[in-house]
Structures are given as C-alpha cells and as structure tokens.
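Read through the structure below, which is laid out as structure tokens, and then see the notes.
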Number of protein chains: 2
Amino acid sequence: MSLDGFVAGPNQSEENPLGEGGMQLHEWVFKLAAWRKPHGREGGEVNASSEVLEEATAGTGAVIMGRNMFGPVRGPWTEPMWNGWWGDDPPFKVPVFVLTHHEREPLILSYTTFTFVSDGIESALDQARAAAADGDVLIGGGAAVGQQYLKAGLVDEMHLHIAPVFLGGGRRLFEDHTSAAPAQLERTGVVASPSGVVHVSYRR
Amino acid sequence: MSLDGFVAGPNQSEENPLGEGGMQLHEWVFKLAAWRKPHGREGGEVNASSEVLEEATAGTGAVIMGRNMFGPVRGPWTEPMWNGWWGDDPPFKVPVFVLTHHEREPLILSYTTFTFVSDGIESALDQARAAAADGDVLIGGGAAVGQQYLKAGLVDEMHLHIAPVFLGGGRRLFEDHTSAAPAQLERTGVVASPSGVVHVSYRR
C-alpha cells in the first residue's frame with residue numbers, strides 16, 4: 001500500500017486497472033528475479049525483498065481472490081469468456097478460489113485451477129483450506145476481499161508492503177470499520193527493501 | 001499512527017482526547033526513559049525506540065502545533081486561560097508556535113515560550129524557522145496541521161511511528177488528497193521497536 005493507505009490510485013479504469021499511480025506500488029516486485037521467473041521472464045534483482053516474496057509464495061497452498069482481481073468483467077459471465085490476466089500458464093500453480101456473485105464452471109489453465117465461489121467468503125475459505133492441505137491460504141486481494149475477511153476475524157497473518165509513495169486517493173486497504181477495532185496485533189517481521197518499500201508482518 | 005492509518009481513535013472527547021483506543025498509539029513512547037526524563041518522571045526502558053526519540057528531539061529548534069493539540073478549548077480565548085497540557089514546565093524547552101484563528105499574547109512557562117500565530121501556516125513556519133536558527137522545525141501535530149503543511153509542499157522529512165493496532169476509525173493522518181499526489185519519497189530509515197512499533201523515516 002501507499003504511505004497514505006491506498007492499494008490502488010484514483011480513477012481506476014480498464015486501461016488503468018490500478019488507478020493513477022497505482023503501478024508504483026508494485027514496482028519493487030516486478031524487478032525481482034523471484035517474481036520474473038514464475039512469470040516466464042528472465043533476469044531481475046535479488047535483494048532483501050526476494051526472501052519476503054519467496055517465503056510468501058513457498059508456503060502458499062491455495063489462493064483466494066475477488067472477482068475484480070481476476071478481471072475487469074462485471075455482471076454475469078458471457079462469451080468471450082474472460083480467463084484471467086495471466087495467459088495460458090498462470091503463475092499461481094496452486095488452486096485459486098475466485099469470489100463472485102455469478103456461478104461459473106471451474107477453469108483449468110496449465111497447473112492452475114480457478115474455482116468460482118458464489119456462496120460467500122466462509123465457503124471459499126473452507127474450500128481453500130481443504131485444497132491447501134498443509135499449506136497456507138493466501139488472501140491475494142483486492143482490498144474489498146481483504147476487508148471482508150479481516151472484519152470476519154478470519155485473518156491470522158498479515159503482510160504489508162508499504163511503498164514510499166503518496167497516491168492521494170483511490171482504494172484504501174483499510175477503510176473505516178475494516179477491523180473489529182480496537183485490536184492489538186503481534187508484529188512478527190520487518191524488512192527494509194532497497195526499493196524504499198518496508199515489508200511488515202503481523203500475527204493476531 | 002495505527003495500521004489502518006489513524007492518529008486518534010473514534011469518539012474523541014475532552015475525557016478521551018485521543019479517542020477510543022488512541023492512547024495505544026503512544027504507549028511505546030511513554031515507556032521510554034528518554035521520554036520520562038524530560039517529563040519529570042523516573043525510570044523507563046532503553047530500547048531501539050530510544051534513539052529514534054532522542055534524534056527527533058535533539059535536532060529540534062522549534063515546534064509548530066495546532067490549537068487542538070495545545071488544548072481542548074475552542075473559539076476565542078477566555079478566562080480562566082488554558083495554558084497547555086504540560087503544567088508549569090513544559091517539556092519542549094524550545095519556542096513553540098500554536099496555530100489558531102484567535103489572537104493571544106505569548107505565554108512563557110519556564111523554558112518554553114508559546115507564540116500564538118493567527119495569520120496562517122506559512123507565517124508560523126517563517127517564525128519557527130527564525131526561532132530555530134540551525135535547528136529543525138518539528139511539525140508536532142495534530143493531523144490537520146500536518147496535512148496542511150504536506151499539501152503546501154512544505155514538509156522535507158516525515159517520521160512515521162506505526163503501531164501494531166487497528167483503531168477502526170477516528171482521525172486519519174492522511175486523508176484523501178492530503179498530498180500533491182502521486183509523489184515518490186526517499187525512505188531514509190527503518191527501526192523495528194520491541195514494542196511492535198515500526199519507525200520509518202522519509203525525505204522528499
């Protein structure tokens with residue numbers, strides 16, 4: 001998120017899915033070899049952020065995401081079917097559960113299966129837990145999905161990546177009343193990346 | 001500030017000047033010997049936060065604060081005069097400039113002079129700079145004052161103290177449009193305190 005708490009900039013659009021300035025929040029990760037390799041790209045940096053990313057992905061047995069993270073389509077699913085932003089070989093390679101109000105058959109792309117869940121966040125979590133076996137369930141985003149799980153008291157760990165950027169507006173990671181406040185957490189890790197990002201982890 | 005971006009909790013009142021849960025944001029500092037000594041109290045801890053506090057105070061030649069940080073009084077100054085929260089010997093011991101819409105004569109309490117500035121933030125900054133000589137001008141708060149200086153492009157350095165707490169509501173340090181966004185900063189320091197607080201410094 002930005003220093004002022006946004007995970008996407010103002011004026012989101014299909015051309016600008018992260019809003020104005022929103023891509024700046026992710027620059028630290030796009031530069032990493034640890035990100036580039038699973039996305040089929042060569043080169044990249046190895047720095048203090050590499051381990052943060054590797055740890056987060058290594059332990060992940062399943063991913064939950066909101067429909068707006070899966071794609072720009074709204075309303076019922078219609079042809080031509082939107083199959084995600086990630087091409088024929090999505091980088092997840094673990095089961096992915098997509099929260100949506102509109103039913104859809106599972107989508108299998110190479111090593112990744114997208115299951116569409118239309119009966120709520122608890123159902124998605126149950127399915128993801130079963131699919132993850134011993135792995136962690138990663139709530140990938142976006143903000144609205146994270147807020148729902150946080151409010152329901154279903155988040156055990158939280159990993160914040162704070163970019164040295166002001167966005168001035170957009171989508172907040174934590175709106176008012178996101179949490180069952182006030183609540184004290186345990187801070188478990190702090191990593192200062194040369195990119196200017198601070199990675200901070202918490203456990204409840 | 002809290003993880004969700006608040007510097008005071010919800011439902012601020014005279015009995016609860018930092019709002020519900022707001023005191024949790026400051027617990028790390030009240031425990032420090034480096035805070036207790038200038039406030040006339042004995043004992044306290046020495047930890048990674050001590051240096052952060054000492055550096056911040058050692059370089060400070062003048063302080064600017066909003067009237068709501070100076071006291072709970074609103075409207076014109078009336079008898080009995082409110083003379084601040086800090087008793088007869090305030091801990092600042094440098095010139096303090098209080099932004100207010102209502103004129104008032106300077107107040108001298110031991111080693112601290114409070115000057116009341118009613119002609120705007122730039123005037124307060126000019127006066128504070130002159131009074132600070134080679135020292136830094138610290139914008140002490142509250143949130144509204146910090147936001148005004150940030151928006152005017154007058155903040156060179158920013159020190160965030162992020163507490164491992166959700167407040168769920170209250171007064172945000174960064175409202176929408178606080179900054180002339182988007183803007184990239186240089187991150188200059190990160191300190192992980194055993195209290196769970198993360199201290200992060202930025203320079204523009």
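Residues are named by chain letter and number: chains run A, B, ... in the order of the structure tokens, numbers start at 1 in each chain, and ligands are numbered from 1 in the order shown.
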
Open item on the list: Quick check: residues of chain A within 9 Å of chain B, only C-alpha atoms, returned as JSON, numbers by chain.
Closed with: {"A": [3, 4, 5, 9, 20, 21, 22, 24, 163, 164, 165, 166, 167, 168, 169, 170, 173, 174, 175, 176, 177, 178, 179, 180, 181, 182, 183, 184, 185, 186, 187, 188, 189, 190, 191, 192, 194, 195, 196, 197, 198, 200, 202]}

Same-sequence overlay, chain B on chain A, C-alpha least squares, as a PDB file with C-alpha atoms, in the first residue's frame:
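Saved as result.pdb:
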ATOM      1  CA  MET B   1      -0.025   0.008  -0.003  1.00  0.00           C
ATOM      2  CA  SER B   2       0.976   3.647  -0.322  1.00  0.00           C
ATOM      3  CA  LEU B   3       2.015   5.736   2.683  1.00  0.00           C
ATOM      4  CA  ASP B   4      -1.450   7.214   2.698  1.00  0.00           C
ATOM      5  CA  GLY B   5      -3.034   3.757   2.785  1.00  0.00           C
ATOM      6  CA  PHE B   6      -4.151   3.112  -0.789  1.00  0.00           C
ATOM      7  CA  VAL B   7      -3.725  -0.138  -2.734  1.00  0.00           C
ATOM      8  CA  ALA B   8      -4.961   1.411  -5.976  1.00  0.00           C
ATOM      9  CA  GLY B   9      -4.816   5.000  -7.162  1.00  0.00           C
ATOM     10  CA  PRO B  10      -7.712   7.271  -8.088  1.00  0.00           C
ATOM     11  CA  ASN B  11      -9.673   6.958 -11.347  1.00  0.00           C
ATOM     12  CA  GLN B  12      -9.451   3.187 -11.877  1.00  0.00           C
ATOM     13  CA  SER B  13     -10.357   2.090 -15.403  1.00  0.00           C
ATOM     14  CA  GLU B  14      -9.896  -0.875 -17.709  1.00  0.00           C
ATOM     15  CA  GLU B  15      -6.841   0.838 -19.237  1.00  0.00           C
ATOM     16  CA  ASN B  16      -5.587   1.747 -15.781  1.00  0.00           C
ATOM     17  CA  PRO B  17      -6.683  -1.160 -13.557  1.00  0.00           C
ATOM     18  CA  LEU B  18      -4.612   0.009 -10.583  1.00  0.00           C
ATOM     19  CA  GLY B  19      -5.702   3.633 -10.915  1.00  0.00           C
ATOM     20  CA  GLU B  20      -3.438   6.627 -11.468  1.00  0.00           C
ATOM     21  CA  GLY B  21      -0.050   5.973  -9.946  1.00  0.00           C
ATOM     22  CA  GLY B  22      -1.098   2.545  -8.694  1.00  0.00           C
ATOM     23  CA  MET B  23       1.607   0.663 -10.587  1.00  0.00           C
ATOM     24  CA  GLN B  24       4.224   2.393  -8.430  1.00  0.00           C
ATOM     25  CA  LEU B  25       3.088   0.229  -5.525  1.00  0.00           C
ATOM     26  CA  HIS B  26       4.217  -2.906  -7.353  1.00  0.00           C
ATOM     27  CA  GLU B  27       7.468  -1.802  -8.947  1.00  0.00           C
ATOM     28  CA  TRP B  28       9.553  -3.406  -6.189  1.00  0.00           C
ATOM     29  CA  VAL B  29       8.141  -6.843  -7.054  1.00  0.00           C
ATOM     30  CA  PHE B  30       8.321  -6.615 -10.854  1.00  0.00           C
ATOM     31  CA  LYS B  31      12.085  -6.010 -10.582  1.00  0.00           C
ATOM     32  CA  LEU B  32      12.740  -9.179  -8.617  1.00  0.00           C
ATOM     33  CA  ALA B  33      14.151 -12.335 -10.213  1.00  0.00           C
ATOM     34  CA  ALA B  34      11.913 -14.217  -7.761  1.00  0.00           C
ATOM     35  CA  TRP B  35       8.865 -12.635  -9.406  1.00  0.00           C
ATOM     36  CA  ARG B  36      10.114 -12.691 -13.007  1.00  0.00           C
ATOM     37  CA  LYS B  37      10.986 -16.397 -13.139  1.00  0.00           C
ATOM     38  CA  PRO B  38       7.499 -17.803 -12.323  1.00  0.00           C
ATOM     39  CA  HIS B  39       6.092 -15.217 -14.725  1.00  0.00           C
ATOM     40  CA  GLY B  40       8.318 -16.569 -17.519  1.00  0.00           C
ATOM     41  CA  ARG B  41      10.689 -13.605 -17.625  1.00  0.00           C
ATOM     42  CA  GLU B  42      14.458 -13.616 -17.391  1.00  0.00           C
ATOM     43  CA  GLY B  43      16.828 -11.608 -15.242  1.00  0.00           C
ATOM     44  CA  GLY B  44      15.910  -9.396 -12.359  1.00  0.00           C
ATOM     45  CA  GLU B  45      17.311  -8.394  -9.001  1.00  0.00           C
ATOM     46  CA  VAL B  46      17.997 -10.315  -5.830  1.00  0.00           C
ATOM     47  CA  ASN B  47      17.661  -8.137  -2.738  1.00  0.00           C
ATOM     48  CA  ALA B  48      16.066  -8.066   0.716  1.00  0.00           C
ATOM     49  CA  SER B  49      12.600  -8.254  -0.854  1.00  0.00           C
ATOM     50  CA  SER B  50      13.399 -11.556  -2.614  1.00  0.00           C
ATOM     51  CA  GLU B  51      13.160 -13.578   0.572  1.00  0.00           C
ATOM     52  CA  VAL B  52       9.917 -11.855   1.542  1.00  0.00           C
ATOM     53  CA  LEU B  53       8.343 -12.859  -1.756  1.00  0.00           C
ATOM     54  CA  GLU B  54       9.799 -16.369  -1.716  1.00  0.00           C
ATOM     55  CA  GLU B  55       8.575 -17.056   1.807  1.00  0.00           C
ATOM     56  CA  ALA B  56       5.093 -15.796   0.967  1.00  0.00           C
ATOM     57  CA  THR B  57       4.784 -17.944  -2.143  1.00  0.00           C
ATOM     58  CA  ALA B  58       6.585 -21.073  -0.865  1.00  0.00           C
ATOM     59  CA  GLY B  59       4.106 -21.618   1.965  1.00  0.00           C
ATOM     60  CA  THR B  60       0.992 -20.952  -0.085  1.00  0.00           C
ATOM     61  CA  GLY B  61      -1.248 -23.948  -0.761  1.00  0.00           C
ATOM     62  CA  ALA B  62      -4.244 -22.064  -2.150  1.00  0.00           C
ATOM     63  CA  VAL B  63      -5.206 -18.506  -3.119  1.00  0.00           C
ATOM     64  CA  ILE B  64      -8.453 -16.602  -2.646  1.00  0.00           C
ATOM     65  CA  MET B  65      -9.139 -13.512  -4.746  1.00  0.00           C
ATOM     66  CA  GLY B  66     -12.012 -11.235  -5.561  1.00  0.00           C
ATOM     67  CA  ARG B  67     -13.533 -11.163  -8.964  1.00  0.00           C
ATOM     68  CA  ASN B  68     -12.193  -7.687  -9.670  1.00  0.00           C
ATOM     69  CA  MET B  69      -8.681  -9.009  -9.172  1.00  0.00           C
ATOM     70  CA  PHE B  70      -9.429 -11.863 -11.592  1.00  0.00           C
ATOM     71  CA  GLY B  71     -10.537  -9.483 -14.304  1.00  0.00           C
ATOM     72  CA  PRO B  72     -12.298  -6.321 -15.412  1.00  0.00           C
ATOM     73  CA  VAL B  73     -15.558  -8.114 -16.342  1.00  0.00           C
ATOM     74  CA  ARG B  74     -18.631  -7.258 -14.242  1.00  0.00           C
ATOM     75  CA  GLY B  75     -22.064  -8.916 -14.071  1.00  0.00           C
ATOM     76  CA  PRO B  76     -22.839 -12.420 -15.452  1.00  0.00           C
ATOM     77  CA  TRP B  77     -20.087 -14.324 -17.278  1.00  0.00           C
ATOM     78  CA  THR B  78     -20.608 -14.054 -21.039  1.00  0.00           C
ATOM     79  CA  GLU B  79     -18.743 -15.107 -24.175  1.00  0.00           C
ATOM     80  CA  PRO B  80     -15.981 -14.467 -24.964  1.00  0.00           C
ATOM     81  CA  MET B  81     -15.109 -15.800 -21.522  1.00  0.00           C
ATOM     82  CA  TRP B  82     -12.544 -13.821 -19.537  1.00  0.00           C
ATOM     83  CA  ASN B  83      -9.864 -16.260 -18.346  1.00  0.00           C
ATOM     84  CA  GLY B  84      -7.755 -14.032 -16.112  1.00  0.00           C
ATOM     85  CA  TRP B  85      -4.875 -11.635 -16.669  1.00  0.00           C
ATOM     86  CA  TRP B  86      -2.195 -14.306 -16.677  1.00  0.00           C
ATOM     87  CA  GLY B  87      -2.355 -16.107 -20.039  1.00  0.00           C
ATOM     88  CA  ASP B  88      -2.281 -19.889 -20.606  1.00  0.00           C
ATOM     89  CA  ASP B  89       0.084 -20.689 -17.755  1.00  0.00           C
ATOM     90  CA  PRO B  90      -0.858 -18.595 -14.702  1.00  0.00           C
ATOM     91  CA  PRO B  91       1.916 -18.239 -12.112  1.00  0.00           C
ATOM     92  CA  PHE B  92      -0.127 -19.501  -9.145  1.00  0.00           C
ATOM     93  CA  LYS B  93       0.251 -23.275  -9.725  1.00  0.00           C
ATOM     94  CA  VAL B  94      -1.968 -23.865  -6.676  1.00  0.00           C
ATOM     95  CA  PRO B  95      -5.783 -23.936  -6.515  1.00  0.00           C
ATOM     96  CA  VAL B  96      -7.292 -20.449  -6.835  1.00  0.00           C
ATOM     97  CA  PHE B  97     -10.758 -19.576  -5.504  1.00  0.00           C
ATOM     98  CA  VAL B  98     -12.445 -16.577  -7.090  1.00  0.00           C
ATOM     99  CA  LEU B  99     -15.267 -14.906  -5.147  1.00  0.00           C
ATOM    100  CA  THR B 100     -18.117 -13.907  -7.446  1.00  0.00           C
ATOM    101  CA  HIS B 101     -21.867 -13.442  -7.331  1.00  0.00           C
ATOM    102  CA  HIS B 102     -22.186 -15.308 -10.636  1.00  0.00           C
ATOM    103  CA  GLU B 103     -21.762 -19.074 -10.933  1.00  0.00           C
ATOM    104  CA  ARG B 104     -19.248 -20.475 -13.374  1.00  0.00           C
ATOM    105  CA  GLU B 105     -17.626 -23.861 -14.064  1.00  0.00           C
ATOM    106  CA  PRO B 106     -14.012 -24.310 -12.906  1.00  0.00           C
ATOM    107  CA  LEU B 107     -11.322 -23.121 -15.294  1.00  0.00           C
ATOM    108  CA  ILE B 108      -8.147 -25.186 -15.687  1.00  0.00           C
ATOM    109  CA  LEU B 109      -5.137 -23.452 -17.203  1.00  0.00           C
ATOM    110  CA  SER B 110      -1.944 -25.502 -17.138  1.00  0.00           C
ATOM    111  CA  TYR B 111      -1.078 -26.078 -13.449  1.00  0.00           C
ATOM    112  CA  THR B 112      -3.684 -23.677 -12.064  1.00  0.00           C
ATOM    113  CA  THR B 113      -7.382 -24.376 -11.440  1.00  0.00           C
ATOM    114  CA  PHE B 114      -9.687 -21.424 -10.851  1.00  0.00           C
ATOM    115  CA  THR B 115     -12.791 -22.376  -8.854  1.00  0.00           C
ATOM    116  CA  PHE B 116     -15.579 -19.801  -8.781  1.00  0.00           C
ATOM    117  CA  VAL B 117     -17.287 -19.485  -5.396  1.00  0.00           C
ATOM    118  CA  SER B 118     -20.658 -17.787  -5.210  1.00  0.00           C
ATOM    119  CA  ASP B 119     -21.773 -18.767  -1.688  1.00  0.00           C
ATOM    120  CA  GLY B 120     -19.644 -16.435   0.402  1.00  0.00           C
ATOM    121  CA  ILE B 121     -16.242 -15.891   1.976  1.00  0.00           C
ATOM    122  CA  GLU B 122     -16.522 -18.678   4.555  1.00  0.00           C
ATOM    123  CA  SER B 123     -17.296 -21.232   1.884  1.00  0.00           C
ATOM    124  CA  ALA B 124     -14.325 -20.006  -0.145  1.00  0.00           C
ATOM    125  CA  LEU B 125     -12.100 -20.310   2.910  1.00  0.00           C
ATOM    126  CA  ASP B 126     -13.325 -23.839   3.687  1.00  0.00           C
ATOM    127  CA  GLN B 127     -12.690 -24.942   0.123  1.00  0.00           C
ATOM    128  CA  ALA B 128      -9.297 -23.231   0.014  1.00  0.00           C
ATOM    129  CA  ARG B 129      -8.246 -24.803   3.322  1.00  0.00           C
ATOM    130  CA  ALA B 130      -9.179 -28.255   2.086  1.00  0.00           C
ATOM    131  CA  ALA B 131      -7.327 -27.686  -1.184  1.00  0.00           C
ATOM    132  CA  ALA B 132      -4.259 -26.210   0.533  1.00  0.00           C
ATOM    133  CA  ALA B 133      -3.770 -29.266   2.765  1.00  0.00           C
ATOM    134  CA  ASP B 134      -0.742 -28.286   4.915  1.00  0.00           C
ATOM    135  CA  GLY B 135      -0.151 -25.037   3.040  1.00  0.00           C
ATOM    136  CA  ASP B 136      -1.357 -21.567   3.907  1.00  0.00           C
ATOM    137  CA  VAL B 137      -4.369 -19.931   2.332  1.00  0.00           C
ATOM    138  CA  LEU B 138      -3.299 -16.605   0.824  1.00  0.00           C
ATOM    139  CA  ILE B 139      -5.936 -13.905   0.523  1.00  0.00           C
ATOM    140  CA  GLY B 140      -4.500 -12.223  -2.526  1.00  0.00           C
ATOM    141  CA  GLY B 141      -6.866  -9.275  -2.802  1.00  0.00           C
ATOM    142  CA  GLY B 142      -8.294  -6.925  -3.707  1.00  0.00           C
ATOM    143  CA  ALA B 143      -8.939  -4.569  -0.846  1.00  0.00           C
ATOM    144  CA  ALA B 144     -12.649  -5.382  -0.571  1.00  0.00           C
ATOM    145  CA  VAL B 145     -11.982  -9.092  -0.141  1.00  0.00           C
ATOM    146  CA  GLY B 146      -9.234  -8.497   2.418  1.00  0.00           C
ATOM    147  CA  GLN B 147     -11.551  -6.202   4.380  1.00  0.00           C
ATOM    148  CA  GLN B 148     -14.321  -8.807   4.436  1.00  0.00           C
ATOM    149  CA  TYR B 149     -12.022 -11.492   5.833  1.00  0.00           C
ATOM    150  CA  LEU B 150     -10.486  -9.082   8.344  1.00  0.00           C
ATOM    151  CA  LYS B 151     -13.876  -7.953   9.590  1.00  0.00           C
ATOM    152  CA  ALA B 152     -14.987 -11.564   9.963  1.00  0.00           C
ATOM    153  CA  GLY B 153     -11.941 -12.267  12.165  1.00  0.00           C
ATOM    154  CA  LEU B 154     -10.599 -14.843   9.711  1.00  0.00           C
ATOM    155  CA  VAL B 155      -7.131 -13.378   9.110  1.00  0.00           C
ATOM    156  CA  ASP B 156      -4.302 -14.973  11.106  1.00  0.00           C
ATOM    157  CA  GLU B 157      -1.345 -13.231   9.495  1.00  0.00           C
ATOM    158  CA  MET B 158      -0.978 -10.016   7.558  1.00  0.00           C
ATOM    159  CA  HIS B 159       1.879  -8.968   5.298  1.00  0.00           C
ATOM    160  CA  LEU B 160       2.039  -5.275   4.446  1.00  0.00           C
ATOM    161  CA  HIS B 161       4.303  -3.881   1.751  1.00  0.00           C
ATOM    162  CA  ILE B 162       4.461  -0.121   2.286  1.00  0.00           C
ATOM    163  CA  ALA B 163       5.724   1.798  -0.749  1.00  0.00           C
ATOM    164  CA  PRO B 164       7.375   5.227  -0.316  1.00  0.00           C
ATOM    165  CA  VAL B 165       4.661   6.879  -2.339  1.00  0.00           C
ATOM    166  CA  PHE B 166       1.649   9.107  -1.809  1.00  0.00           C
ATOM    167  CA  LEU B 167      -1.300   8.353  -4.085  1.00  0.00           C
ATOM    168  CA  GLY B 168      -3.628  10.980  -2.648  1.00  0.00           C
ATOM    169  CA  GLY B 169      -6.745   8.920  -3.275  1.00  0.00           C
ATOM    170  CA  GLY B 170      -8.085   5.649  -4.620  1.00  0.00           C
ATOM    171  CA  ARG B 171      -8.967   2.370  -2.942  1.00  0.00           C
ATOM    172  CA  ARG B 172      -7.902   2.051   0.698  1.00  0.00           C
ATOM    173  CA  LEU B 173      -6.607  -1.236   2.083  1.00  0.00           C
ATOM    174  CA  PHE B 174      -8.251  -0.363   5.398  1.00  0.00           C
ATOM    175  CA  GLU B 175     -11.452   1.626   5.295  1.00  0.00           C
ATOM    176  CA  ASP B 176     -13.111   2.797   8.496  1.00  0.00           C
ATOM    177  CA  HIS B 177     -14.513  -0.164  10.421  1.00  0.00           C
ATOM    178  CA  THR B 178     -12.467  -2.647   8.404  1.00  0.00           C
ATOM    179  CA  SER B 179     -11.453  -4.364  11.606  1.00  0.00           C
ATOM    180  CA  ALA B 180     -13.251  -5.331  14.767  1.00  0.00           C
ATOM    181  CA  ALA B 181     -11.417  -2.442  16.423  1.00  0.00           C
ATOM    182  CA  PRO B 182      -9.527  -1.690  18.572  1.00  0.00           C
ATOM    183  CA  ALA B 183      -7.300  -4.726  18.221  1.00  0.00           C
ATOM    184  CA  GLN B 184      -3.648  -5.225  19.054  1.00  0.00           C
ATOM    185  CA  LEU B 185      -1.497  -7.442  16.842  1.00  0.00           C
ATOM    186  CA  GLU B 186       1.915  -9.032  17.234  1.00  0.00           C
ATOM    187  CA  ARG B 187       4.475  -7.686  14.821  1.00  0.00           C
ATOM    188  CA  THR B 188       6.488 -10.634  13.542  1.00  0.00           C
ATOM    189  CA  GLY B 189       8.841  -9.218  10.926  1.00  0.00           C
ATOM    190  CA  VAL B 190      10.247  -6.039   9.412  1.00  0.00           C
ATOM    191  CA  VAL B 191      12.351  -5.950   6.242  1.00  0.00           C
ATOM    192  CA  ALA B 192      13.683  -2.745   4.681  1.00  0.00           C
ATOM    193  CA  SER B 193      14.009  -3.161   0.929  1.00  0.00           C
ATOM    194  CA  PRO B 194      16.481  -1.082  -1.114  1.00  0.00           C
ATOM    195  CA  SER B 195      13.501  -0.152  -3.289  1.00  0.00           C
ATOM    196  CA  GLY B 196      12.251   2.021  -0.429  1.00  0.00           C
ATOM    197  CA  VAL B 197       9.466  -0.426   0.412  1.00  0.00           C
ATOM    198  CA  VAL B 198       9.056  -1.590   4.011  1.00  0.00           C
ATOM    199  CA  HIS B 199       7.716  -5.116   4.450  1.00  0.00           C
ATOM    200  CA  VAL B 200       5.989  -5.615   7.801  1.00  0.00           C
ATOM    201  CA  SER B 201       4.324  -8.800   9.045  1.00  0.00           C
ATOM    202  CA  TYR B 202       1.778  -9.194  11.808  1.00  0.00           C
ATOM    203  CA  ARG B 203       0.042 -12.055  13.599  1.00  0.00           C
ATOM    204  CA  ARG B 204      -3.073 -11.726  15.687  1.00  0.00           C
TER     205      ARG B 204
END

TODO: Select from region 21-63 of chain B everything DSSP, run on the backbone, classes as strand (DSSP E or B), then give the selection as a list in words.
DONE: Leu32, Glu45, Thr60, Gly61, Ala62 and Val63 of chain B

- [ ] Apply DSSP to the structure's backbone, then extract all residues of region 10-185 of chain B labelled helix (DSSP H, G or I) and return them as a VMD selection string.
- [x] chain B and resid 22 to 30 33 to 36 48 to 58 67 to 70 121 to 132 143 to 151
